[in-house]
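To be precise, the following lines are structure07.cif, and they hold mmCIF, C-alpha atoms and all ligand atoms.
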data_upload
loop_
_atom_site.label_atom_id
_atom_site.label_comp_id
_atom_site.auth_asym_id
_atom_site.auth_seq_id
_atom_site.Cartn_x
_atom_site.Cartn_y
_atom_site.Cartn_z
CA MET A 13 -10.22 -3.39 -35.69
CA ASN A 14 -10.03 0.11 -37.13
CA LEU A 15 -12.40 0.65 -39.97
CA LEU A 16 -12.62 3.44 -42.54
CA LEU A 17 -15.93 4.01 -44.31
CA LEU A 18 -16.01 6.15 -47.46
CA GLY A 19 -18.90 8.46 -48.29
CA SER A 20 -21.12 11.16 -46.84
CA GLY A 21 -24.79 10.38 -47.40
CA GLY A 22 -27.69 8.77 -45.61
CA ARG A 23 -26.44 5.39 -46.79
CA GLU A 24 -23.11 5.93 -45.08
CA HIS A 25 -24.74 7.16 -41.87
CA ALA A 26 -26.84 3.96 -41.82
CA LEU A 27 -23.76 1.80 -42.52
CA ALA A 28 -21.82 3.63 -39.82
CA TRP A 29 -24.70 3.18 -37.35
CA LYS A 30 -24.69 -0.57 -37.92
CA ILE A 31 -20.91 -0.99 -38.05
CA ALA A 32 -20.43 1.05 -34.86
CA GLN A 33 -22.59 -1.48 -32.97
CA SER A 34 -20.10 -4.26 -33.63
CA PRO A 35 -17.86 -5.29 -30.74
CA LYS A 36 -15.23 -6.08 -33.37
CA VAL A 37 -14.73 -2.39 -34.15
CA SER A 38 -12.42 -0.31 -31.98
CA LYS A 39 -12.32 2.82 -34.11
CA LEU A 40 -14.59 3.89 -36.94
CA PHE A 41 -13.64 6.73 -39.26
CA VAL A 42 -15.80 8.16 -42.05
CA ALA A 43 -14.33 10.09 -44.97
CA PRO A 44 -15.74 12.67 -45.27
CA GLY A 45 -18.94 11.80 -43.34
CA ASN A 46 -21.68 14.21 -42.31
CA ALA A 47 -23.25 15.73 -39.18
CA GLY A 48 -24.88 12.37 -38.41
CA THR A 49 -21.80 10.17 -38.74
CA ALA A 50 -19.93 12.66 -36.51
CA GLU A 51 -22.08 11.42 -33.62
CA LEU A 52 -20.89 7.83 -33.83
CA ALA A 53 -17.59 7.95 -35.66
CA VAL A 54 -14.72 10.28 -36.40
CA ASN A 55 -15.18 12.25 -39.60
CA VAL A 56 -12.05 12.87 -41.63
CA PRO A 57 -12.01 15.56 -44.31
CA ILE A 58 -10.79 13.39 -47.17
CA SER A 59 -12.57 12.92 -50.47
CA PRO A 60 -13.35 9.23 -51.24
CA THR A 61 -11.59 9.65 -54.59
CA ASP A 62 -8.39 11.14 -53.19
CA PHE A 63 -6.56 7.80 -53.06
CA GLU A 64 -3.22 9.25 -51.97
CA ALA A 65 -4.79 10.98 -48.99
CA LEU A 66 -6.65 7.75 -48.14
CA LYS A 67 -3.34 5.90 -48.25
CA ALA A 68 -1.59 8.30 -45.90
CA PHE A 69 -4.53 8.28 -43.49
CA SER A 70 -4.88 4.48 -43.53
CA LEU A 71 -1.23 3.97 -42.72
CA ASP A 72 -1.21 6.67 -40.07
CA LYS A 73 -4.30 5.29 -38.25
CA SER A 74 -3.54 1.59 -38.79
CA ILE A 75 -6.76 1.02 -40.68
CA ASP A 76 -7.67 -2.67 -40.92
CA MET A 77 -10.52 -2.46 -43.41
CA ILE A 78 -12.06 -0.01 -45.85
CA VAL A 79 -15.75 -0.09 -46.69
CA VAL A 80 -16.79 1.85 -49.76
CA GLY A 81 -20.21 3.55 -49.78
CA PRO A 82 -20.57 5.34 -53.14
CA GLU A 83 -19.78 4.18 -56.68
CA ASP A 84 -17.35 6.90 -57.67
CA PRO A 85 -14.25 5.59 -55.89
CA LEU A 86 -15.05 2.05 -57.07
CA VAL A 87 -15.36 3.05 -60.70
CA LYS A 88 -12.11 5.01 -60.27
CA GLY A 89 -10.38 1.91 -58.91
CA VAL A 90 -9.94 2.33 -55.15
CA TYR A 91 -9.90 -1.46 -54.70
CA ASP A 92 -7.08 -1.91 -57.22
CA TYR A 93 -5.15 1.05 -55.81
CA PHE A 94 -5.00 -0.61 -52.39
CA LYS A 95 -4.38 -4.09 -53.73
CA GLN A 96 -1.49 -3.03 -55.94
CA ASP A 97 0.35 -0.92 -53.37
CA LYS A 98 2.80 -2.99 -51.27
CA GLN A 99 2.22 -0.85 -48.19
CA LEU A 100 -1.56 -1.13 -48.50
CA ALA A 101 -2.10 -4.64 -49.82
CA HIS A 102 -2.86 -5.97 -46.32
CA ILE A 103 -5.85 -3.63 -45.97
CA PRO A 104 -8.94 -5.23 -47.49
CA VAL A 105 -11.30 -2.96 -49.40
CA VAL A 106 -14.94 -4.05 -49.34
CA GLY A 107 -16.06 -3.08 -52.81
CA PRO A 108 -15.37 -4.51 -56.25
CA SER A 109 -12.31 -3.97 -58.41
CA GLN A 110 -12.49 -1.34 -61.13
CA SER A 111 -13.24 -4.10 -63.57
CA GLY A 112 -16.13 -5.36 -61.42
CA ALA A 113 -17.50 -1.85 -60.91
CA ARG A 114 -18.17 -1.77 -64.66
CA LEU A 115 -21.40 -3.60 -63.77
CA GLU A 116 -22.52 -0.14 -62.66
CA GLY A 117 -20.08 2.15 -64.47
CA SER A 118 -20.90 0.90 -67.96
CA LYS A 119 -24.42 -0.08 -68.94
CA ASP A 120 -23.05 -1.41 -72.22
CA PHE A 121 -20.75 -3.75 -70.27
CA SER A 122 -23.47 -4.82 -67.85
CA LYS A 123 -25.96 -5.63 -70.63
CA ALA A 124 -23.36 -7.64 -72.55
CA PHE A 125 -22.42 -9.42 -69.30
CA MET A 126 -26.03 -10.41 -68.70
CA LEU A 127 -26.35 -11.63 -72.26
CA ARG A 128 -23.16 -13.72 -71.94
CA HIS A 129 -24.42 -15.36 -68.79
CA GLY A 130 -28.06 -15.80 -69.69
CA ILE A 131 -29.32 -13.43 -67.01
CA PRO A 132 -32.86 -12.19 -67.74
CA THR A 133 -32.98 -8.52 -68.74
CA ALA A 134 -34.65 -6.24 -71.29
CA ARG A 135 -33.68 -6.66 -74.97
CA TYR A 136 -31.28 -3.92 -75.98
CA LYS A 137 -28.95 -2.42 -78.51
CA SER A 138 -25.88 -0.42 -77.75
CA VAL A 139 -25.03 2.39 -80.18
CA GLN A 140 -22.48 5.10 -80.85
CA ALA A 141 -22.54 8.06 -83.25
CA GLU A 142 -21.24 5.84 -86.08
CA THR A 143 -24.04 3.33 -85.59
CA LEU A 144 -26.86 5.85 -85.10
CA GLN A 145 -28.89 4.39 -87.99
CA GLU A 146 -28.85 0.93 -86.40
CA GLY A 147 -30.07 2.57 -83.22
CA LEU A 148 -32.92 4.31 -85.00
CA ASP A 149 -33.89 1.05 -86.68
CA PHE A 150 -33.86 -0.73 -83.33
CA LEU A 151 -35.98 2.05 -81.78
CA LYS A 152 -38.47 1.63 -84.64
CA SER A 153 -38.71 -2.07 -83.91
CA LEU A 154 -39.77 -1.35 -80.31
CA LYS A 155 -43.08 -0.16 -78.94
CA ALA A 156 -43.40 3.02 -76.83
CA PRO A 157 -42.28 3.93 -74.24
CA TYR A 158 -38.63 4.00 -75.27
CA VAL A 159 -35.78 3.63 -72.80
CA LEU A 160 -32.45 5.36 -73.48
CA LYS A 161 -29.53 5.00 -71.09
CA ALA A 162 -26.20 6.79 -71.09
CA ASP A 163 -23.53 4.11 -70.90
CA GLY A 164 -21.50 5.78 -68.14
CA LEU A 165 -22.24 7.32 -64.76
CA ALA A 166 -24.45 10.38 -65.10
CA ALA A 167 -25.31 11.21 -61.48
CA GLY A 168 -28.60 9.32 -61.71
CA LYS A 169 -29.80 11.42 -64.65
CA GLY A 170 -28.68 9.24 -67.53
CA VAL A 171 -31.88 7.23 -68.05
CA LEU A 172 -34.61 8.71 -70.25
CA ILE A 173 -38.01 7.15 -70.79
CA LEU A 174 -39.86 8.69 -73.72
CA ASN A 175 -43.36 8.12 -75.02
CA ASP A 176 -42.88 9.25 -78.58
CA TYR A 177 -40.63 7.80 -81.28
CA ASN A 178 -39.59 11.18 -82.72
CA GLU A 179 -38.70 12.50 -79.30
CA ALA A 180 -36.71 9.35 -78.56
CA ALA A 181 -34.89 9.61 -81.90
CA SER A 182 -33.89 13.21 -81.25
CA GLU A 183 -32.86 12.53 -77.64
CA LEU A 184 -30.76 9.64 -78.89
CA GLN A 185 -28.91 11.98 -81.22
CA GLU A 186 -28.40 14.56 -78.49
CA MET A 187 -27.08 11.94 -76.12
CA LEU A 188 -24.63 10.62 -78.69
CA ALA A 189 -23.55 14.21 -79.33
CA GLY A 190 -22.59 14.55 -75.66
CA LYS A 191 -25.75 15.56 -73.75
CA PHE A 192 -24.27 13.78 -70.72
CA GLY A 193 -20.66 14.37 -71.73
CA ASP A 194 -18.60 11.29 -72.43
CA SER A 195 -21.07 9.18 -70.42
CA SER A 196 -23.50 9.19 -73.34
CA ARG A 197 -21.07 8.69 -76.25
CA THR A 198 -22.43 5.17 -76.07
CA VAL A 199 -26.16 4.77 -75.48
CA VAL A 200 -28.04 1.63 -74.54
CA ILE A 201 -31.51 1.48 -76.09
CA GLU A 202 -33.79 -0.88 -74.23
CA GLU A 203 -37.14 -2.47 -74.51
CA PHE A 204 -39.47 -1.07 -71.81
CA LEU A 205 -40.38 -3.56 -69.11
CA SER A 206 -43.58 -3.21 -67.18
CA GLY A 207 -43.84 -4.60 -63.67
CA ILE A 208 -43.03 -3.77 -60.08
CA GLU A 209 -39.46 -3.06 -58.96
CA CYS A 210 -37.46 -4.04 -55.93
CA SER A 211 -33.85 -3.79 -54.79
CA VAL A 212 -31.93 -6.91 -53.87
CA PHE A 213 -28.57 -6.50 -52.14
CA VAL A 214 -26.03 -9.27 -52.34
CA VAL A 215 -22.78 -9.26 -50.47
CA SER A 216 -20.08 -11.45 -52.00
CA ASP A 217 -16.51 -12.48 -51.25
CA GLY A 218 -16.09 -13.40 -54.91
CA GLN A 219 -17.20 -17.01 -54.45
CA HIS A 220 -19.86 -17.13 -51.78
CA TYR A 221 -22.70 -14.73 -51.19
CA LYS A 222 -25.38 -13.69 -48.75
CA VAL A 223 -28.61 -11.95 -49.66
CA LEU A 224 -29.47 -8.99 -47.44
CA PRO A 225 -33.09 -8.05 -46.66
CA VAL A 226 -34.95 -7.00 -49.81
CA ALA A 227 -36.18 -3.41 -50.11
CA LYS A 228 -38.22 -1.20 -52.39
CA ASP A 229 -37.43 2.44 -52.95
CA TYR A 230 -39.56 5.34 -54.11
CA LYS A 231 -37.66 7.50 -56.58
CA ARG A 232 -40.16 10.06 -57.81
CA ILE A 233 -40.68 13.37 -56.02
CA GLY A 234 -44.47 13.24 -56.13
CA GLU A 235 -47.02 11.02 -54.43
CA GLY A 236 -48.28 8.12 -56.48
CA ASP A 237 -44.83 7.90 -58.12
CA THR A 238 -45.28 11.06 -60.18
CA GLY A 239 -42.97 13.92 -61.16
CA LEU A 240 -39.23 14.03 -61.46
CA ASN A 241 -36.78 11.35 -60.41
CA THR A 242 -34.87 12.02 -57.21
CA GLY A 243 -32.09 10.27 -55.34
CA GLY A 244 -34.87 8.45 -53.44
CA MET A 245 -37.76 9.59 -51.25
CA GLY A 246 -38.16 6.55 -49.05
CA ALA A 247 -37.82 2.80 -48.81
CA VAL A 248 -39.44 -0.18 -47.15
CA SER A 249 -38.29 -3.67 -46.24
CA PRO A 250 -39.42 -6.43 -46.52
CA VAL A 251 -41.19 -6.43 -49.89
CA PRO A 252 -44.24 -8.72 -49.83
CA PHE A 253 -43.97 -9.85 -53.48
CA ALA A 254 -40.31 -10.81 -53.03
CA ASP A 255 -41.45 -14.02 -51.36
CA ALA A 256 -39.58 -17.32 -51.11
CA VAL A 257 -40.68 -18.47 -54.59
CA PHE A 258 -39.62 -15.22 -56.25
CA MET A 259 -36.33 -15.08 -54.34
CA GLN A 260 -35.51 -18.64 -55.34
CA LYS A 261 -35.84 -17.57 -58.98
CA VAL A 262 -33.66 -14.55 -58.27
CA GLU A 263 -30.95 -16.76 -56.77
CA ASP A 264 -31.12 -19.35 -59.55
CA ARG A 265 -31.44 -17.03 -62.53
CA VAL A 266 -29.66 -13.88 -61.42
CA ILE A 267 -27.45 -14.13 -58.35
CA ARG A 268 -25.61 -17.39 -58.98
CA PRO A 269 -25.11 -16.71 -62.71
CA THR A 270 -23.77 -13.26 -61.79
CA ILE A 271 -21.23 -14.59 -59.27
CA GLN A 272 -20.26 -17.45 -61.59
CA GLY A 273 -19.98 -15.04 -64.52
CA LEU A 274 -17.65 -12.75 -62.58
CA LEU A 275 -15.53 -15.74 -61.59
CA LYS A 276 -15.36 -17.07 -65.14
CA GLU A 277 -14.32 -13.68 -66.45
CA ASN A 278 -11.67 -13.37 -63.73
CA ILE A 279 -13.27 -10.26 -62.33
CA ASP A 280 -12.31 -9.64 -58.73
CA TYR A 281 -15.51 -8.82 -56.87
CA LYS A 282 -15.53 -8.60 -53.09
CA GLY A 283 -18.32 -6.27 -52.18
CA PHE A 284 -21.96 -5.42 -52.65
CA ILE A 285 -23.98 -6.18 -55.74
CA PHE A 286 -27.18 -4.20 -55.95
CA LEU A 287 -29.70 -5.81 -58.27
CA GLY A 288 -32.36 -3.43 -59.48
CA LEU A 289 -35.01 -5.99 -60.34
CA ILE A 290 -38.41 -5.84 -61.94
CA ASN A 291 -41.01 -8.49 -61.24
CA ILE A 292 -43.05 -9.25 -64.32
CA GLN A 293 -45.86 -11.61 -63.38
CA GLY A 294 -43.66 -13.37 -60.89
CA GLU A 295 -40.55 -13.53 -63.09
CA PRO A 296 -37.45 -11.47 -62.18
CA PHE A 297 -35.61 -9.35 -64.76
CA VAL A 298 -32.59 -7.19 -64.09
CA ILE A 299 -33.15 -3.48 -64.77
CA GLU A 300 -29.66 -2.56 -63.63
CA TYR A 301 -26.71 -3.54 -61.50
CA ASN A 302 -25.01 -1.24 -59.05
CA ALA A 303 -21.69 -1.94 -57.40
CA ARG A 304 -22.72 -0.57 -53.98
CA MET A 305 -25.62 -0.45 -51.59
CA GLY A 306 -28.69 1.64 -52.46
CA ASP A 307 -29.68 4.94 -50.98
CA PRO A 308 -32.21 5.25 -49.30
CA GLU A 309 -32.69 1.45 -49.17
CA THR A 310 -29.70 1.05 -46.84
CA GLU A 311 -31.47 3.29 -44.31
CA ALA A 312 -34.14 0.56 -44.02
CA VAL A 313 -32.05 -2.53 -44.78
CA MET A 314 -29.48 -1.92 -41.99
CA LEU A 315 -32.32 -1.93 -39.45
CA ARG A 316 -33.23 -5.41 -40.59
CA VAL A 317 -29.77 -6.89 -40.19
CA GLN A 318 -30.00 -8.26 -36.68
CA SER A 319 -26.62 -9.99 -36.52
CA ASP A 320 -23.24 -8.28 -36.50
CA PHE A 321 -22.75 -6.70 -39.94
CA VAL A 322 -18.98 -6.55 -39.50
CA GLU A 323 -19.09 -10.35 -39.33
CA LEU A 324 -20.17 -10.28 -42.99
CA LEU A 325 -17.62 -7.63 -43.96
CA GLU A 326 -14.88 -9.75 -42.42
CA GLY A 327 -16.17 -12.76 -44.34
CA VAL A 328 -15.88 -10.74 -47.55
CA ALA A 329 -12.34 -9.69 -46.72
CA GLN A 330 -11.24 -13.20 -45.73
CA GLY A 331 -13.09 -15.08 -48.46
CA ASN A 332 -15.08 -17.17 -45.97
CA LEU A 333 -18.47 -15.53 -46.16
CA ASN A 334 -19.99 -19.04 -46.24
CA THR A 335 -19.00 -19.49 -42.59
CA ARG A 336 -20.61 -16.23 -41.44
CA VAL A 337 -24.08 -15.75 -40.02
CA LEU A 338 -26.67 -13.30 -41.22
CA VAL A 339 -29.76 -13.04 -39.05
CA GLU A 340 -32.62 -10.90 -40.30
CA ASP A 341 -34.77 -8.90 -37.95
CA PRO A 342 -38.35 -10.14 -38.46
CA ARG A 343 -39.80 -6.66 -38.02
CA ALA A 344 -40.61 -4.31 -40.88
CA ALA A 345 -38.38 -1.29 -41.38
CA VAL A 346 -39.00 1.83 -43.41
CA THR A 347 -37.32 5.11 -44.10
CA VAL A 348 -38.97 8.39 -45.09
CA VAL A 349 -36.73 11.02 -46.64
CA LEU A 350 -37.17 14.71 -45.82
CA VAL A 351 -35.99 16.92 -48.67
CA SER A 352 -35.43 20.61 -49.30
CA GLY A 353 -38.24 22.57 -50.96
CA GLY A 354 -37.67 22.71 -54.73
CA TYR A 355 -35.63 19.51 -54.89
CA PRO A 356 -34.82 17.83 -57.30
CA GLY A 357 -34.75 21.24 -58.99
CA ASP A 358 -33.12 24.28 -57.39
CA TYR A 359 -33.33 24.59 -53.64
CA ILE A 360 -31.80 26.68 -50.90
CA LYS A 361 -29.33 25.20 -48.40
CA GLY A 362 -28.46 26.43 -44.94
CA LYS A 363 -31.92 26.25 -43.32
CA GLN A 364 -31.79 25.59 -39.60
CA ILE A 365 -33.24 22.20 -38.61
CA ASN A 366 -35.32 22.15 -35.42
CA GLY A 367 -36.88 19.33 -33.48
CA LEU A 368 -34.23 16.64 -33.91
CA ASP A 369 -34.29 16.25 -30.12
CA GLN A 370 -38.06 15.68 -30.20
CA VAL A 371 -37.76 12.47 -32.22
CA GLN A 372 -39.11 9.38 -30.49
CA GLU A 373 -38.63 5.76 -31.56
CA SER A 374 -37.16 6.56 -34.99
CA ILE A 375 -33.56 6.59 -36.05
CA VAL A 376 -32.70 9.73 -37.96
CA PHE A 377 -30.02 9.29 -40.58
CA HIS A 378 -28.46 12.42 -41.98
CA ALA A 379 -28.22 12.68 -45.76
CA GLY A 380 -27.46 16.34 -46.44
CA THR A 381 -26.80 18.32 -43.29
CA ASN A 382 -23.95 20.21 -41.73
CA VAL A 383 -23.26 21.91 -38.45
CA VAL A 384 -22.99 25.68 -38.57
CA GLY A 385 -21.86 26.97 -35.19
CA GLU A 386 -23.98 24.83 -32.87
CA ARG A 387 -26.84 24.43 -35.30
CA VAL A 388 -27.63 21.57 -37.64
CA CYS A 389 -28.59 22.99 -41.03
CA THR A 390 -29.77 21.64 -44.35
CA ASN A 391 -26.92 21.11 -46.77
CA GLY A 392 -28.41 19.13 -49.64
CA GLY A 393 -31.54 18.15 -51.54
CA ARG A 394 -32.13 15.06 -49.46
CA VAL A 395 -31.72 16.17 -45.87
CA LEU A 396 -32.72 13.43 -43.41
CA ALA A 397 -33.95 9.84 -43.60
CA ILE A 398 -36.36 8.96 -40.77
CA SER A 399 -36.10 5.21 -40.22
CA SER A 400 -38.40 3.14 -38.03
CA TYR A 401 -39.28 -0.39 -37.08
CA GLY A 402 -42.80 -1.75 -36.81
CA THR A 403 -44.62 -5.04 -36.53
CA SER A 404 -45.98 -4.09 -39.96
CA MET A 405 -44.93 -1.64 -42.67
CA GLU A 406 -47.91 0.56 -41.74
CA GLU A 407 -46.86 0.72 -38.13
CA ALA A 408 -43.28 1.58 -39.03
CA LEU A 409 -44.49 4.27 -41.44
CA LYS A 410 -46.74 5.77 -38.78
CA THR A 411 -43.72 6.22 -36.51
CA SER A 412 -41.64 7.78 -39.30
CA PHE A 413 -44.42 10.16 -40.31
CA GLU A 414 -45.00 11.25 -36.71
CA ASN A 415 -41.34 12.06 -36.36
CA ALA A 416 -41.24 13.71 -39.77
CA SER A 417 -43.72 16.23 -38.41
CA ARG A 418 -41.70 16.81 -35.23
CA ILE A 419 -38.70 17.88 -37.28
CA ASP A 420 -38.94 21.24 -38.92
CA TYR A 421 -37.08 23.48 -41.33
CA ASP A 422 -38.03 25.98 -43.94
CA GLY A 423 -39.20 24.20 -47.09
CA LYS A 424 -39.43 20.69 -45.61
CA TYR A 425 -41.14 18.21 -47.94
CA PHE A 426 -41.68 14.47 -47.79
CA ARG A 427 -43.89 11.90 -49.47
CA ARG A 428 -46.71 10.68 -47.28
CA ASP A 429 -47.44 7.67 -49.45
CA ILE A 430 -44.26 5.58 -49.13
CA GLY A 431 -45.25 1.92 -49.51
CA PHE A 432 -48.56 2.84 -51.21
CA ASP A 433 -48.23 0.19 -53.93
CA LEU A 434 -47.55 -2.64 -51.47
CA ARG A 435 -50.61 -2.23 -49.29
P1 LIG B 501 -31.80 5.04 -62.47
O1 LIG B 501 -30.96 4.16 -63.32
O2 LIG B 501 -31.73 4.71 -60.99
O3 LIG B 501 -31.74 6.49 -62.79
O4 LIG B 501 -33.31 4.70 -62.75
C1 LIG B 501 -33.67 4.05 -63.82
C2 LIG B 501 -35.12 3.76 -63.65
O5 LIG B 501 -35.68 3.75 -64.94
C3 LIG B 501 -35.36 2.36 -63.08
O6 LIG B 501 -35.45 2.35 -61.70
C4 LIG B 501 -36.66 2.00 -63.75
O7 LIG B 501 -37.74 2.54 -63.01
C5 LIG B 501 -36.59 2.71 -65.05
N1 LIG B 501 -36.13 1.78 -66.10
C6 LIG B 501 -34.87 1.53 -66.47
N2 LIG B 501 -34.82 0.63 -67.45
C7 LIG B 501 -36.08 0.27 -67.72
C8 LIG B 501 -36.69 -0.64 -68.64
N3 LIG B 501 -35.98 -1.35 -69.51
N4 LIG B 501 -38.02 -0.75 -68.60
C9 LIG B 501 -38.75 -0.01 -67.73
N5 LIG B 501 -38.24 0.86 -66.86
C10 LIG B 501 -36.92 1.01 -66.85
N1 LIG B 502 -32.01 3.82 -54.56
C1 LIG B 502 -31.41 3.63 -55.81
C2 LIG B 502 -29.96 3.86 -55.84
O1 LIG B 502 -29.29 3.94 -54.82
O2 LIG B 502 -29.42 3.94 -56.93
#

Please, can you express the file's structure as structure tokens?
Ligand code: AMP
Ligand code: GLY
Amino acid sequence: MNLLLLGSGGREHALAWKIAQSPKVSKLFVAPGNAGTAELAVNVPISPTDFEALKAFSLDKSIDMIVVGPEDPLVKGVYDYFKQDKQLAHIPVVGPSQSGARLEGSKDFSKAFMLRHGIPTARYKSVQAETLQEGLDFLKSLKAPYVLKADGLAAGKGVLILNDYNEAASELQEMLAGKFGDSSRTVVIEEFLSGIECSVFVVSDGQHYKVLPVAKDYKRIGEGDTGLNTGGMGAVSPVPFADAVFMQKVEDRVIRPTIQGLLKENIDYKGFIFLGLINIQGEPFVIEYNARMGDPETEAVMLRVQSDFVELLEGVAQGNLNTRVLVEDPRAAVTVVLVSGGYPGDYIKGKQINGLDQVQESIVFHAGTNVVGERVCTNGGRVLAISSYGTSMEEALKTSFENASRIDYDGKYFRRDIGFDLR
């Protein structure tokens, strides 16, 4: 079949790498892709949110399936656009409907959804400018630290964790006044949960589901999980504390109620559900839902899917995921992200990357690169994700770190302590 993957990051390179290995795929296109996807697929210069251009391309190239990487096109309704167009309705889109993508696109919706379906999550209150006082009262009733979340998408910046009540109260007012534009006209105030996080990826055809290998990502720029939040500095899979007992609780208390809840509410959901979970003394709570795979988790998780991934995607499209096989690779997999100096603040793009041909035994996924003339250059904050297998997490990390030092560009930085809290 001919498959079109939407997106351009490390996640999409990892998805493309896995999809391209399937004998079921004759042609793989990535819109718009990056320097890495260009090596195993055909990049097409179309934005994932330009639905009309996607339509024309899909018809022209006889696309049989669309797989959506990032959240933007989902929240904007790419699934519904294809489903509702007579010429396109035969092309399945792996990714939820616009209504389903609200699990990620609206924190207010996702919290209310969890409450309706008894899914464990932090206590919360959702407020708008008119209900500011209720918000302040709720904040007062909580203990520090305080968690404030912009309701809508805010490019990963919409969550604030504040230690002081007065600071939280003034941030709340600024958010409601439009600090994150319309995204923060509604703010979710949450009780702070203390525990250890992991990322669980569920793929669903709307009725059945499969749980992909569990991962843990490292979001902060500094070692020991310090400093500013980033798009993700590394990830490991498996996660030792996400053992069979914990995962049984996750299935019983979170995954099944989520799928059942979507069904009951007539929400069409054929795609990935990313559960950002926190383990509090062995009990799972949902920190957030996303309507897509995680980045950089995907750059480790795809290595651990041993069976044909397209088999699962087909199951999603055909509604028979229950008949499909998912075999996990027993090895550990990790990814270490190389970023540009200065990131997540200001940084300079366009630095020439050397040493990619020196890499041994790792798979290098491109996150923010481009080709200038013949040279691969940095073109983003997160530049490359160095993914490796090992018989243990330590062994896999050793391989990634060795290769991280073989690759070079001006301002290269990476965390040398990925996995530190799992040792
Ligand atoms: P993101 O939504 O990816 O920008 O990141 C939000 C991060 O904030 C999560 O990964 C958690 O580490 C943290 N967080 C969000 N909600 C809570 C909460 N209720 N309690 C503690 N930490 C939280
Ligand atoms: N790694 C977290 C995310 O993709 O949102």

Check which residues fall inside 7 Å of ligand LIG 501 (chain B) when counting only C-alpha atoms and all ligand atoms, and print them as a ChimeraX atom specification.
/A:134,159,168-171,202-206,288,299-300

Residues up to 10 Å from ligand LIG 502 (chain B), counting all atoms listed in the file: could you list those as a VMD selection string?
chain A and resid 23 82 to 83 116 167 to 168 210 to 211 227 to 231 242 to 247 286 to 288 300 to 310

Go ahead and compute the interatomic distance for CA of Val339 in chain A and CA of Gly283 in chain A, in Å to one decimal.
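CA of Gly283 in chain A lies at a distance of 18.7 Å from CA of Val339 in chain A.
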
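Around Leu148 in chain A, within 10 Å and counting all atoms listed in the file, the residues found are Val139, Thr143, Leu144, Gln145, Leu151, Lys152, Ser153, Tyr177, Asn178, Ala180, Ala181, Ser182, Leu184, Gln185 and Ile201 of chain A, once anything fewer than 3 positions away on its own chain is removed.
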
Deliver the residues from the most recent selection as a file, using C-alpha atoms, as a short mmCIF file (atom, residue, chain, number, x, y, z; two decimals), in the frame of the given file.
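File out.cif, as written:
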data_model
loop_
_atom_site.label_atom_id
_atom_site.label_comp_id
_atom_site.auth_asym_id
_atom_site.auth_seq_id
_atom_site.Cartn_x
_atom_site.Cartn_y
_atom_site.Cartn_z
CA VAL A 139 -25.03 2.39 -80.18
CA THR A 143 -24.04 3.33 -85.59
CA LEU A 144 -26.86 5.85 -85.10
CA GLN A 145 -28.89 4.39 -87.99
CA LEU A 151 -35.98 2.05 -81.78
CA LYS A 152 -38.47 1.63 -84.64
CA SER A 153 -38.71 -2.07 -83.91
CA TYR A 177 -40.63 7.80 -81.28
CA ASN A 178 -39.59 11.18 -82.72
CA ALA A 180 -36.71 9.35 -78.56
CA ALA A 181 -34.89 9.61 -81.90
CA SER A 182 -33.89 13.21 -81.25
CA LEU A 184 -30.76 9.64 -78.89
CA GLN A 185 -28.91 11.98 -81.22
CA ILE A 201 -31.51 1.48 -76.09
#

I'd like to know which of A:Asn278, A:Asn175, A:Asn55, A:Gln219 is closest to Ser111 in chain A, using all atoms listed in the file.
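Looking only at the distances to Ser111 in chain A, the closest residue turns out to be A:Asn278.
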
I'd like the interatomic distance between CA of Gly112 in chain A and CA of Met187 in chain A, to a tenth of an Å.
25.2 Å

Tell me which protein, DNA and RNA residues are within 12 Å of Ile375 in chain A, counting only C-alpha atoms, leaving out same-chain ones fewer than 6 positions away, and put them as a list in words.
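Residues meeting the cut-off are Gly22, His25, Ala26, Trp29, Lys30, Gly48, Glu311, Ala312, Met314, Leu315, Ala345, Val346, Thr347, Val348, Val349, Leu368, Asp369, Leu396, Ala397, Ile398, Ser399, Ser400, Tyr401, Ala408, Thr411, Ser412, Asn415 and Ala416 of chain A.
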
Where atoms are missing, can you supply N, CA, C and O atoms for range 268-272 of chain A and output the lot as a short mmCIF file (atom, residue, chain, number, x, y, z; two decimals), in the coordinates of the input?
data_model
loop_
_atom_site.label_atom_id
_atom_site.label_comp_id
_atom_site.auth_asym_id
_atom_site.auth_seq_id
_atom_site.Cartn_x
_atom_site.Cartn_y
_atom_site.Cartn_z
N ARG A 268 -26.68 -16.42 -58.72
CA ARG A 268 -25.61 -17.39 -58.98
C ARG A 268 -24.96 -17.19 -60.35
O ARG A 268 -23.73 -17.17 -60.45
N PRO A 269 -25.77 -16.99 -61.42
CA PRO A 269 -25.11 -16.71 -62.71
C PRO A 269 -24.23 -15.45 -62.67
O PRO A 269 -23.22 -15.39 -63.38
N THR A 270 -24.60 -14.48 -61.87
CA THR A 270 -23.77 -13.26 -61.79
C THR A 270 -22.43 -13.58 -61.13
O THR A 270 -21.36 -13.24 -61.66
N ILE A 271 -22.48 -14.27 -59.98
CA ILE A 271 -21.23 -14.59 -59.27
C ILE A 271 -20.36 -15.52 -60.13
O ILE A 271 -19.15 -15.32 -60.26
N GLN A 272 -21.01 -16.52 -60.73
CA GLN A 272 -20.26 -17.45 -61.59
C GLN A 272 -19.67 -16.72 -62.79
O GLN A 272 -18.55 -16.98 -63.20
#
